[in-house]
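Only one structure is covered here, and it is reproduced in the block below.
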Amino acid sequence: MQYRRFGKTNVMLSALGFGTNRFAVSSPDNEREIEEAACLVREAVLQGVNYIDVANTYSRGCAETIVKKALKGIDDSHAHITVKVRNYGGTITADETYRRICDSLAKMGKERASFFVAWGIRSYKEFQSFIKKGKLYDGALRAQVNGLIDHICCSLHVSPSDIIKIMESGMFEGVTISYSALNYQMMRKVLEKAEELDIGVITMNSLGGGVIPQNPEFFQFLKMANDESAAAGALRFSYSHPQITCLLSGMASQVEVRGNVSAFSAGESQINRRKRLDAVDASFKELSNFCTGCNYCGGCPSGIDTAMLMQAYNQIYFTNDKPRFNRAGRRLLENINIAVMLLQQSFMPDSAVNPCKQCGLCEEKCTQSIPVIERLKELYGRFDESAFSKEHIKARLGELIVNAGYKRIAFYAAGGYTAQVLQYLKQFYPDYRPEIFLFDTNPKLWGSYNSGIEIQDPAKLPEIKPNIVVISQYTWQDEIYDALRHLESEISIVKLHKNYDALWLPGGGDNHSKTT
Ligand code: SF4
Ligand code: SF4
């Protein structure tokens with residue numbers, strides 16, 4: 001296993017990090033599945049993986065238990081675990097942050113964690129909200145002073161320029177960002193800035209959210225002479241950037257653990273790493289009709305970020321028919337992939353009306369002869385059909401909740417997706433102030449707070465009797481609906497998302513278990 005120093009921390013991290021959100025665990029009571037998942041982590045740690053990315057809701061709320069089991073009885077002195085706390089739209093207090101850190105450590109059987117991660121920052125505004133006095137960052141600082149955590153880091157789903165601004169704040173020793181062959185041209189400036197500031201970089205989505213292994217023929221050019229596969233080539237490509245310390249991979253099988261570990265078992269010379277980067281750059285340039293993200297088309301008089309949108313359009317080349325987020329259908333999957341890519345840049349159009357004035361300037365400058373005007377037309381058409389715009393979200397919330405004037409509304413489930421939906425509700429309907437309740441299947445969340453609202457056991461629904469239950473979970477909405485429909489004679493039960501909707505926020509739905 002190869003190791004690199006993580007920014008100024010002087011901690012040496014393994015090239016491969018273990019993401020714990022992809023274990024095949026159906027419920028917290030399934031001891032066999034939990035033990036199998038723990039074996040995977042244990043094997044990876046024994047093979048030299050020393051960064052384990054854990055959050056309380058990962059793998060249906062079982063990740064902490066799995067990591068505790070995995071590390072029991074082995075020498076884990078070199079292993080670095082994370083505790084992660086989400087900001088929930090700026091509402092989480094320092095006390096709640098501190099409590100969650102203690103809770104996570106207790107569940108993992110640890111007295112301290114190497115890294116605290118302010119988890120899943122989705123906008124610069126959100127960053128500004130949690131650095132206010134008495135908010136999340138204060139809670140992390142207190143935990144650091146009390147010896148519960150060593151280093152404060154963050155994970156980001158924002159545009160490259162906002163990542164740079166957040167790094168420049170000097171508040172984080174490391175960042176976790178999406179980085180792969182699909183977005184590297186846009187993200188390279190982030191790496192350059194991280195190097196300048198000596199901030200550690202951990203990357204997620206090194207395989208482009210599964211797109212690269214699912215499209216090996218398209219990405220054949222990532223596979224160099226000694227690579228076992230295009231996916232192994234993609235991992236080594238990311239690690240060829242000297243600014244990247246560790247690549248996170250969510251591994252769910254022994255084959256994946258062994259394959260990924262072997263991709264980093266032997267180091268490459270600096271010359272070979274340079275050659276790999278140059279070869280990939282050259283191959284992308286040769287792909288006709290494929291946006292390389294070079295941004296030569298910049299300066300649109302209508303303010304359209306053509307490079308970002310054309311990079312998102314590239315997704316159409318990659319989609320295959322494997323269901324994602326419990327959704328199927330080629331076109332819908334394409335729309336979801338486009339939305340995911342754009343949301344990772346914090347972009348959602350205000351409306352699905354195409355703002356292009358067809359002046360042709362961008363097409364004149366494009367190095368790849370991309371028909372930008374045509375593609376914009378198609379993209380905005382897709383935004384319309386998949387409800388991917390702020391205008392669509394406003395209309396949906398109006399039609400389901402606000403127009404009826406409901407006074408008592410319940411949301412189910414209570415994770416990051418719901419926090420975002422609550423923000424949209426406040427943003428689009430500032431004068432509408434109903435009483436809001438949150439419910440979630442995961443008992444570990446009961447009694448804790450999201451957006452300042454207590455999360456409750458769904459068994460209390462008949463007693464609390466809201467006017468309406470809005471199922472705000474994207475992936476498991478049908479299962480949740482089936483589990484709640486017996487209440488329908490007394491309470492209105494609705495699904496927030498239609499079957500043709502693309503995602504409304506990065507990551508795609510909450511990490512909660514479906515209701516069983
Ligand atoms: S053609 Fe459209 S996208 Fe291109 S520069 Fe003109 S207005 Fe902007
Ligand atoms: S100039 Fe062409 S290839 Fe470069 S970013 Fe713009 S659309 Fe993409």
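Residues are named by chain letter and number: chains run A, B, ... in the order of the structure tokens, numbers start at 1 in each chain, and ligands are numbered from 1 in the order shown.
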Would you tabulate, counting only C-alpha atoms and all ligand atoms, all residues of chain A that have an atom at most 7 Å from an atom of ligand 1, showing the closest pair of atoms and their distance in Å to one decimal, sorted by chain then ascending number, as a tab-separated table?
residue	atom	partner	partner_atom_place_in_ligand_line	distance
A:Gly299	CA	ligand 1	5 (S)	6.9
A:Cys300	CA	ligand 1	5 (S)	3.9
A:Pro301	CA	ligand 1	8 (Fe)	5.6
A:Ser302	CA	ligand 1	7 (S)	5.2
A:Gly303	CA	ligand 1	8 (Fe)	6.8
A:Ile304	CA	ligand 1	8 (Fe)	5.7
A:Thr306	CA	ligand 1	3 (S)	6.0
A:Cys356	CA	ligand 1	2 (Fe)	3.8
A:Lys357	CA	ligand 1	7 (S)	4.2
A:Gln358	CA	ligand 1	1 (S)	3.8
A:Cys359	CA	ligand 1	6 (Fe)	3.9
A:Gly360	CA	ligand 1	1 (S)	3.9
A:Leu361	CA	ligand 1	5 (S)	4.5
A:Cys362	CA	ligand 1	4 (Fe)	4.2
A:Glu363	CA	ligand 1	4 (Fe)	6.3
A:Val372	CA	ligand 1	4 (Fe)	6.5
A:Ile373	CA	ligand 1	1 (S)	5.5
* With a distance cut-off of 8 Å and only C-alpha atoms, select the neighbouring residues of A:Asn467, excluding the residue or stretch itself and same-chain residues fewer than 5 positions from it, and output the selection as a VMD selection string. => chain A and resid 406 to 410 491 to 492
Only N, CA, C and O atoms, please: the residues just picked out, written as a PDB file, in the first residue's frame.
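The resulting file, part-v3.pdb, is shown below:
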ATOM      1  N   TYR A 406     -52.209  23.385   4.588  1.00  0.00           N
ATOM      2  CA  TYR A 406     -52.052  22.460   5.722  1.00  0.00           C
ATOM      3  C   TYR A 406     -51.322  23.136   6.873  1.00  0.00           C
ATOM      4  O   TYR A 406     -50.341  23.846   6.676  1.00  0.00           O
ATOM      5  N   LYS A 407     -51.790  22.853   8.076  1.00  0.00           N
ATOM      6  CA  LYS A 407     -51.173  23.492   9.248  1.00  0.00           C
ATOM      7  C   LYS A 407     -50.186  22.558   9.956  1.00  0.00           C
ATOM      8  O   LYS A 407     -49.321  22.992  10.686  1.00  0.00           O
ATOM      9  N   ARG A 408     -50.385  21.249   9.785  1.00  0.00           N
ATOM     10  CA  ARG A 408     -49.515  20.260  10.459  1.00  0.00           C
ATOM     11  C   ARG A 408     -48.991  19.273   9.413  1.00  0.00           C
ATOM     12  O   ARG A 408     -49.740  18.438   8.911  1.00  0.00           O
ATOM     13  N   ILE A 409     -47.708  19.399   9.120  1.00  0.00           N
ATOM     14  CA  ILE A 409     -47.139  18.581   8.044  1.00  0.00           C
ATOM     15  C   ILE A 409     -46.050  17.675   8.605  1.00  0.00           C
ATOM     16  O   ILE A 409     -45.186  18.121   9.358  1.00  0.00           O
ATOM     17  N   ALA A 410     -46.087  16.416   8.191  1.00  0.00           N
ATOM     18  CA  ALA A 410     -45.006  15.502   8.588  1.00  0.00           C
ATOM     19  C   ALA A 410     -44.177  15.161   7.366  1.00  0.00           C
ATOM     20  O   ALA A 410     -44.720  14.983   6.265  1.00  0.00           O
ATOM     21  N   ILE A 491     -55.036  10.120   7.467  1.00  0.00           N
ATOM     22  CA  ILE A 491     -54.009  11.126   7.135  1.00  0.00           C
ATOM     23  C   ILE A 491     -53.699  11.026   5.644  1.00  0.00           C
ATOM     24  O   ILE A 491     -53.595   9.920   5.104  1.00  0.00           O
ATOM     25  N   SER A 492     -53.543  12.164   5.016  1.00  0.00           N
ATOM     26  CA  SER A 492     -53.187  12.141   3.603  1.00  0.00           C
ATOM     27  C   SER A 492     -51.704  11.750   3.469  1.00  0.00           C
ATOM     28  O   SER A 492     -50.847  12.320   4.149  1.00  0.00           O
TER      29      SER A 492
END
* Distance filter 7 Å around ligand 2, atoms: only C-alpha atoms and all ligand atoms, out as number ranges by chain -> A: 290-298, 306-307, 310-311, 362, 365-370, 372
Please produce an output containing N, CA and C atoms for each residue in the selection, written as a PDB file, in the first residue's frame.
ATOM      1  N   PHE A 290     -16.960  15.441 -27.712  1.00  0.00           N
ATOM      2  CA  PHE A 290     -16.946  15.197 -26.280  1.00  0.00           C
ATOM      3  C   PHE A 290     -16.366  16.422 -25.590  1.00  0.00           C
ATOM      4  N   CYS A 291     -17.105  16.998 -24.670  1.00  0.00           N
ATOM      5  CA  CYS A 291     -16.616  18.219 -23.995  1.00  0.00           C
ATOM      6  C   CYS A 291     -15.504  17.865 -23.024  1.00  0.00           C
ATOM      7  N   THR A 292     -14.373  18.529 -23.175  1.00  0.00           N
ATOM      8  CA  THR A 292     -13.233  18.250 -22.299  1.00  0.00           C
ATOM      9  C   THR A 292     -13.196  19.175 -21.085  1.00  0.00           C
ATOM     10  N   GLY A 293     -14.118  20.127 -21.019  1.00  0.00           N
ATOM     11  CA  GLY A 293     -14.131  21.056 -19.885  1.00  0.00           C
ATOM     12  C   GLY A 293     -13.040  22.114 -19.974  1.00  0.00           C
ATOM     13  N   CYS A 294     -12.483  22.329 -21.175  1.00  0.00           N
ATOM     14  CA  CYS A 294     -11.352  23.263 -21.313  1.00  0.00           C
ATOM     15  C   CYS A 294     -11.755  24.719 -21.059  1.00  0.00           C
ATOM     16  N   ASN A 295     -13.033  25.010 -21.191  1.00  0.00           N
ATOM     17  CA  ASN A 295     -13.600  26.336 -20.912  1.00  0.00           C
ATOM     18  C   ASN A 295     -13.198  27.422 -21.916  1.00  0.00           C
ATOM     19  N   TYR A 296     -12.714  27.041 -23.087  1.00  0.00           N
ATOM     20  CA  TYR A 296     -12.429  28.057 -24.115  1.00  0.00           C
ATOM     21  C   TYR A 296     -13.708  28.762 -24.568  1.00  0.00           C
ATOM     22  N   CYS A 297     -14.830  28.127 -24.344  1.00  0.00           N
ATOM     23  CA  CYS A 297     -16.102  28.706 -24.784  1.00  0.00           C
ATOM     24  C   CYS A 297     -16.633  29.750 -23.804  1.00  0.00           C
ATOM     25  N   GLY A 298     -15.900  30.021 -22.713  1.00  0.00           N
ATOM     26  CA  GLY A 298     -16.410  30.913 -21.659  1.00  0.00           C
ATOM     27  C   GLY A 298     -16.771  32.313 -22.163  1.00  0.00           C
ATOM     28  N   THR A 306     -21.325  27.431 -20.153  1.00  0.00           N
ATOM     29  CA  THR A 306     -21.416  26.403 -21.211  1.00  0.00           C
ATOM     30  C   THR A 306     -20.517  25.203 -20.910  1.00  0.00           C
ATOM     31  N   ALA A 307     -19.330  25.466 -20.347  1.00  0.00           N
ATOM     32  CA  ALA A 307     -18.415  24.338 -20.071  1.00  0.00           C
ATOM     33  C   ALA A 307     -19.058  23.376 -19.078  1.00  0.00           C
ATOM     34  N   MET A 310     -22.020  21.543 -20.816  1.00  0.00           N
ATOM     35  CA  MET A 310     -21.599  20.569 -21.839  1.00  0.00           C
ATOM     36  C   MET A 310     -20.904  19.369 -21.198  1.00  0.00           C
ATOM     37  N   GLN A 311     -20.216  19.590 -20.080  1.00  0.00           N
ATOM     38  CA  GLN A 311     -19.631  18.449 -19.351  1.00  0.00           C
ATOM     39  C   GLN A 311     -20.745  17.556 -18.820  1.00  0.00           C
ATOM     40  N   CYS A 362     -20.042  30.837 -28.404  1.00  0.00           N
ATOM     41  CA  CYS A 362     -19.411  29.676 -27.761  1.00  0.00           C
ATOM     42  C   CYS A 362     -19.017  28.638 -28.811  1.00  0.00           C
ATOM     43  N   LYS A 365     -15.796  29.310 -30.534  1.00  0.00           N
ATOM     44  CA  LYS A 365     -14.573  29.141 -29.743  1.00  0.00           C
ATOM     45  C   LYS A 365     -14.322  27.688 -29.336  1.00  0.00           C
ATOM     46  N   CYS A 366     -15.318  26.840 -29.470  1.00  0.00           N
ATOM     47  CA  CYS A 366     -15.181  25.476 -28.937  1.00  0.00           C
ATOM     48  C   CYS A 366     -14.097  24.691 -29.678  1.00  0.00           C
ATOM     49  N   THR A 367     -13.199  24.093 -28.906  1.00  0.00           N
ATOM     50  CA  THR A 367     -12.078  23.338 -29.476  1.00  0.00           C
ATOM     51  C   THR A 367     -12.509  21.966 -29.987  1.00  0.00           C
ATOM     52  N   GLN A 368     -13.673  21.507 -29.586  1.00  0.00           N
ATOM     53  CA  GLN A 368     -14.117  20.152 -29.960  1.00  0.00           C
ATOM     54  C   GLN A 368     -15.286  20.192 -30.950  1.00  0.00           C
ATOM     55  N   SER A 369     -15.567  21.358 -31.492  1.00  0.00           N
ATOM     56  CA  SER A 369     -16.690  21.541 -32.445  1.00  0.00           C
ATOM     57  C   SER A 369     -18.018  21.021 -31.885  1.00  0.00           C
ATOM     58  N   ILE A 370     -18.253  21.319 -30.656  1.00  0.00           N
ATOM     59  CA  ILE A 370     -19.493  20.828 -30.033  1.00  0.00           C
ATOM     60  C   ILE A 370     -20.681  21.714 -30.425  1.00  0.00           C
ATOM     61  N   VAL A 372     -23.091  23.393 -29.260  1.00  0.00           N
ATOM     62  CA  VAL A 372     -23.553  23.832 -27.928  1.00  0.00           C
ATOM     63  C   VAL A 372     -25.031  24.239 -27.974  1.00  0.00           C
TER      64      VAL A 372
END
* To do: Going by DSSP on the backbone, which bits of stretch 207-241 of chain A are alpha helix (DSSP H)? Write them as a list in words, please.
  =>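 Taking stretch 207-241 of chain A and keeping alpha helix (DSSP H) gives Val211, Ile212, Pro213, Gln214, Ala230, Ala231, Ala232, Gly233, Ala234, Leu235, Arg236, Phe237, Ser238 and Tyr239 of chain A.
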* Rank A:Tyr124, A:Phe221, A:Phe237, A:Trp119 by their smallest atom-to-atom distance to A:Ile177, using only C-alpha atoms, and report the top residue only. =>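 Result for the nearest residue to A:Ile177: A:Trp119.
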* Give me the residues within 10 Å of A:Leu40 as a ChimeraX atom specification, counting only C-alpha atoms and dropping any in the same chain fewer than 5 places off. => /A:18,23,35,45-46,66-67,70,251-258
* Fewer than 3 positions away in the same chain doesn't count, so skip those; otherwise give me all residues within 12 Å of A:Lys275, counting only C-alpha atoms, as a VMD selection string. => chain A and resid 222 224 to 225 236 to 237 240 to 241 268 to 272 278 to 282
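From atom CA of A:His157 back to atom CA of A:Lys426, the distance works out to 21.4 Å.
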* If you run DSSP on this backbone, which residues of stretch 68-188 of chain A come out as strand (DSSP E or B), and could you give them as a VMD selection string? -> chain A and resid 80 to 86 93 113 to 121 135 149 to 156 174 to 178
Could you pull the residues within 7 Å of stretch 211-215 of chain A, counting only C-alpha atoms, minus those fewer than 5 positions along the same chain, as a PDB file with N, CA, C and O atoms, in the first residue's frame?
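Printed below is around-v1.pdb as written:
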ATOM      1  N   ALA A 230     -10.060  -0.824 -16.899  1.00  0.00           N
ATOM      2  CA  ALA A 230     -10.224   0.636 -17.008  1.00  0.00           C
ATOM      3  C   ALA A 230     -10.454   1.238 -15.624  1.00  0.00           C
ATOM      4  O   ALA A 230      -9.982   2.338 -15.318  1.00  0.00           O
ATOM      5  N   ALA A 231     -11.167   0.486 -14.750  1.00  0.00           N
ATOM      6  CA  ALA A 231     -11.437   1.010 -13.400  1.00  0.00           C
ATOM      7  C   ALA A 231     -10.133   1.163 -12.615  1.00  0.00           C
ATOM      8  O   ALA A 231      -9.917   2.179 -11.937  1.00  0.00           O
ATOM      9  N   PHE A 318     -22.441   7.923 -21.376  1.00  0.00           N
ATOM     10  CA  PHE A 318     -22.050   6.869 -20.453  1.00  0.00           C
ATOM     11  C   PHE A 318     -23.182   6.021 -19.914  1.00  0.00           C
ATOM     12  O   PHE A 318     -22.949   4.927 -19.458  1.00  0.00           O
TER      13      PHE A 318
END
* Rounded to one decimal place, report the atom CA of A:Leu191-atom CA of A:Arg375 distance in Å. =>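 So the answer is 29.5 Å.
Atom CA of A:Gln128 sits 9.2 Å away from atom CA of A:Ile166.
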Give me, as an mmCIF file with all heavy atoms, in the first residue's frame, all polymer residues having an atom no more than 9 Å from stretch 477-484 of chain A, counting only C-alpha atoms and skipping those fewer than 2 positions away in the same chain.
data_model
loop_
_atom_site.group_PDB
_atom_site.id
_atom_site.type_symbol
_atom_site.label_atom_id
_atom_site.label_comp_id
_atom_site.auth_asym_id
_atom_site.auth_seq_id
_atom_site.Cartn_x
_atom_site.Cartn_y
_atom_site.Cartn_z
ATOM 1 N N TYR A 412 -41.241 12.415 5.982
ATOM 2 C CA TYR A 412 -40.704 11.091 6.224
ATOM 3 C C TYR A 412 -39.849 10.769 5.018
ATOM 4 O O TYR A 412 -40.338 10.785 3.898
ATOM 5 C CB TYR A 412 -41.875 10.107 6.320
ATOM 6 C CG TYR A 412 -41.569 8.735 6.831
ATOM 7 C CD1 TYR A 412 -42.350 8.177 7.850
ATOM 8 C CD2 TYR A 412 -40.551 7.967 6.289
ATOM 9 C CE1 TYR A 412 -42.116 6.910 8.328
ATOM 10 C CE2 TYR A 412 -40.301 6.694 6.758
ATOM 11 C CZ TYR A 412 -41.090 6.171 7.771
ATOM 12 O OH TYR A 412 -40.845 4.913 8.243
ATOM 13 N N ALA A 413 -38.537 10.605 5.084
ATOM 14 C CA ALA A 413 -37.670 10.409 6.210
ATOM 15 C C ALA A 413 -37.028 11.739 6.645
ATOM 16 O O ALA A 413 -37.409 12.801 6.140
ATOM 17 C CB ALA A 413 -36.569 9.439 5.792
ATOM 18 N N ILE A 471 -43.735 11.995 1.851
ATOM 19 C CA ILE A 471 -42.580 11.080 1.792
ATOM 20 C C ILE A 471 -41.509 11.772 0.971
ATOM 21 O O ILE A 471 -41.644 11.952 -0.238
ATOM 22 C CB ILE A 471 -42.980 9.728 1.173
ATOM 23 C CG1 ILE A 471 -44.078 9.087 2.020
ATOM 24 C CG2 ILE A 471 -41.766 8.806 1.074
ATOM 25 C CD1 ILE A 471 -44.749 7.905 1.354
ATOM 26 N N SER A 472 -40.444 12.166 1.661
ATOM 27 C CA SER A 472 -39.429 12.993 1.006
ATOM 28 C C SER A 472 -38.147 12.202 0.756
ATOM 29 O O SER A 472 -37.094 12.769 0.557
ATOM 30 C CB SER A 472 -39.129 14.214 1.881
ATOM 31 O OG SER A 472 -38.908 13.806 3.209
ATOM 32 N N GLN A 473 -38.239 10.899 0.803
ATOM 33 C CA GLN A 473 -37.081 10.053 0.550
ATOM 34 C C GLN A 473 -37.132 9.652 -0.920
ATOM 35 O O GLN A 473 -38.150 9.158 -1.405
ATOM 36 C CB GLN A 473 -37.165 8.828 1.471
ATOM 37 C CG GLN A 473 -35.848 8.364 2.020
ATOM 38 C CD GLN A 473 -35.078 7.499 1.041
ATOM 39 O OE1 GLN A 473 -35.551 7.179 -0.031
ATOM 40 N NE2 GLN A 473 -33.867 7.141 1.422
ATOM 41 N N TYR A 474 -36.040 9.857 -1.627
ATOM 42 C CA TYR A 474 -36.059 9.673 -3.085
ATOM 43 C C TYR A 474 -36.017 8.197 -3.489
ATOM 44 O O TYR A 474 -36.784 7.734 -4.326
ATOM 45 C CB TYR A 474 -34.847 10.399 -3.671
ATOM 46 C CG TYR A 474 -34.776 10.400 -5.179
ATOM 47 C CD1 TYR A 474 -35.531 11.299 -5.925
ATOM 48 C CD2 TYR A 474 -33.952 9.507 -5.846
ATOM 49 C CE1 TYR A 474 -35.453 11.306 -7.300
ATOM 50 C CE2 TYR A 474 -33.878 9.510 -7.232
ATOM 51 C CZ TYR A 474 -34.628 10.418 -7.956
ATOM 52 O OH TYR A 474 -34.558 10.418 -9.317
ATOM 53 N N THR A 475 -35.109 7.449 -2.849
ATOM 54 C CA THR A 475 -34.847 6.088 -3.334
ATOM 55 C C THR A 475 -35.918 5.084 -2.924
ATOM 56 O O THR A 475 -36.329 4.248 -3.719
ATOM 57 C CB THR A 475 -33.462 5.624 -2.822
ATOM 58 O OG1 THR A 475 -32.506 6.603 -3.201
ATOM 59 C CG2 THR A 475 -33.076 4.280 -3.416
ATOM 60 N N HIS A 486 -51.757 2.154 5.321
ATOM 61 C CA HIS A 486 -52.845 1.789 6.235
ATOM 62 C C HIS A 486 -53.355 3.010 7.011
ATOM 63 O O HIS A 486 -54.432 2.986 7.577
ATOM 64 C CB HIS A 486 -52.385 0.695 7.206
ATOM 65 C CG HIS A 486 -51.318 1.144 8.156
ATOM 66 N ND1 HIS A 486 -49.990 1.245 7.809
ATOM 67 C CD2 HIS A 486 -51.385 1.560 9.450
ATOM 68 C CE1 HIS A 486 -49.282 1.674 8.837
ATOM 69 N NE2 HIS A 486 -50.103 1.886 9.846
ATOM 70 N N LEU A 487 -52.551 4.101 7.014
ATOM 71 C CA LEU A 487 -52.981 5.311 7.743
ATOM 72 C C LEU A 487 -53.828 6.235 6.873
ATOM 73 O O LEU A 487 -54.345 7.239 7.346
ATOM 74 C CB LEU A 487 -51.740 6.102 8.211
ATOM 75 C CG LEU A 487 -50.807 5.404 9.200
ATOM 76 C CD1 LEU A 487 -49.521 6.207 9.351
ATOM 77 C CD2 LEU A 487 -51.495 5.277 10.555
ATOM 78 N N GLU A 488 -53.932 5.871 5.593
ATOM 79 C CA GLU A 488 -54.485 6.813 4.618
ATOM 80 C C GLU A 488 -55.934 7.247 4.885
ATOM 81 O O GLU A 488 -56.354 8.315 4.454
ATOM 82 C CB GLU A 488 -54.371 6.234 3.208
ATOM 83 C CG GLU A 488 -53.565 7.126 2.326
ATOM 84 C CD GLU A 488 -53.317 6.517 0.960
ATOM 85 O OE1 GLU A 488 -53.624 5.335 0.736
ATOM 86 O OE2 GLU A 488 -52.832 7.250 0.103
ATOM 87 N N ILE A 493 -51.407 10.765 2.626
ATOM 88 C CA ILE A 493 -50.018 10.323 2.445
ATOM 89 C C ILE A 493 -49.622 10.609 0.992
ATOM 90 O O ILE A 493 -50.284 10.114 0.070
ATOM 91 C CB ILE A 493 -49.859 8.802 2.687
ATOM 92 C CG1 ILE A 493 -50.575 8.343 3.947
ATOM 93 C CG2 ILE A 493 -48.382 8.388 2.663
ATOM 94 C CD1 ILE A 493 -49.871 8.598 5.234
ATOM 95 N N VAL A 494 -48.580 11.384 0.784
ATOM 96 C CA VAL A 494 -48.170 11.695 -0.599
ATOM 97 C C VAL A 494 -46.678 11.478 -0.791
ATOM 98 O O VAL A 494 -45.892 11.584 0.155
ATOM 99 C CB VAL A 494 -48.499 13.168 -0.988
ATOM 100 C CG1 VAL A 494 -49.982 13.417 -1.001
ATOM 101 C CG2 VAL A 494 -47.785 14.149 -0.075
ATOM 102 N N LYS A 495 -46.323 11.166 -2.035
ATOM 103 C CA LYS A 495 -44.895 11.055 -2.362
ATOM 104 C C LYS A 495 -44.455 12.398 -2.951
ATOM 105 O O LYS A 495 -45.125 12.931 -3.840
ATOM 106 C CB LYS A 495 -44.681 9.965 -3.409
ATOM 107 C CG LYS A 495 -45.053 8.572 -2.943
ATOM 108 C CD LYS A 495 -44.769 7.585 -4.073
ATOM 109 C CE LYS A 495 -45.755 6.460 -4.053
ATOM 110 N NZ LYS A 495 -45.756 5.636 -5.243
ATOM 111 N N LEU A 496 -43.354 12.898 -2.470
ATOM 112 C CA LEU A 496 -42.865 14.186 -2.969
ATOM 113 C C LEU A 496 -42.371 14.065 -4.417
ATOM 114 O O LEU A 496 -42.583 14.951 -5.231
ATOM 115 C CB LEU A 496 -41.714 14.667 -2.075
ATOM 116 C CG LEU A 496 -41.093 16.003 -2.441
ATOM 117 C CD1 LEU A 496 -42.092 17.135 -2.275
ATOM 118 C CD2 LEU A 496 -39.870 16.291 -1.576
ATOM 119 N N HIS A 497 -41.725 12.945 -4.715
ATOM 120 C CA HIS A 497 -41.109 12.807 -6.033
ATOM 121 C C HIS A 497 -41.971 11.968 -6.955
ATOM 122 O O HIS A 497 -42.455 10.918 -6.572
ATOM 123 C CB HIS A 497 -39.738 12.141 -5.896
ATOM 124 C CG HIS A 497 -38.899 12.791 -4.855
ATOM 125 N ND1 HIS A 497 -38.323 14.021 -5.035
ATOM 126 C CD2 HIS A 497 -38.578 12.411 -3.592
ATOM 127 C CE1 HIS A 497 -37.668 14.359 -3.936
ATOM 128 N NE2 HIS A 497 -37.816 13.411 -3.053
ATOM 129 N N LYS A 514 -35.073 1.606 4.170
ATOM 130 C CA LYS A 514 -36.473 1.655 3.791
ATOM 131 C C LYS A 514 -37.288 1.092 4.943
ATOM 132 O O LYS A 514 -36.789 0.326 5.767
ATOM 133 C CB LYS A 514 -36.693 0.852 2.524
ATOM 134 C CG LYS A 514 -36.323 -0.605 2.663
ATOM 135 C CD LYS A 514 -36.520 -1.303 1.355
ATOM 136 C CE LYS A 514 -36.006 -2.721 1.461
ATOM 137 N NZ LYS A 514 -36.187 -3.476 0.261
ATOM 138 N N THR A 515 -38.537 1.436 4.977
ATOM 139 C CA THR A 515 -39.400 0.905 6.021
ATOM 140 C C THR A 515 -39.687 -0.545 5.715
ATOM 141 O O THR A 515 -40.032 -0.891 4.597
ATOM 142 C CB THR A 515 -40.727 1.673 6.031
ATOM 143 O OG1 THR A 515 -40.396 3.027 6.186
ATOM 144 C CG2 THR A 515 -41.615 1.235 7.139
ATOM 145 N N THR A 516 -39.479 -1.391 6.694
ATOM 146 C CA THR A 516 -39.761 -2.804 6.424
ATOM 147 C C THR A 516 -40.901 -3.270 7.310
ATOM 148 O O THR A 516 -41.246 -2.637 8.278
ATOM 149 C CB THR A 516 -38.521 -3.664 6.702
ATOM 150 O OG1 THR A 516 -38.009 -3.299 7.973
ATOM 151 C CG2 THR A 516 -37.473 -3.438 5.659
#
* To do: Find the residues near A:Lys69: any atom within 10 Å, counting only C-alpha atoms, skip ones fewer than 2 places away on the same chain, and give them as a ChimeraX atom specification.
  => /A:34-35,37-39,41-42,63-67,71-73,108-109
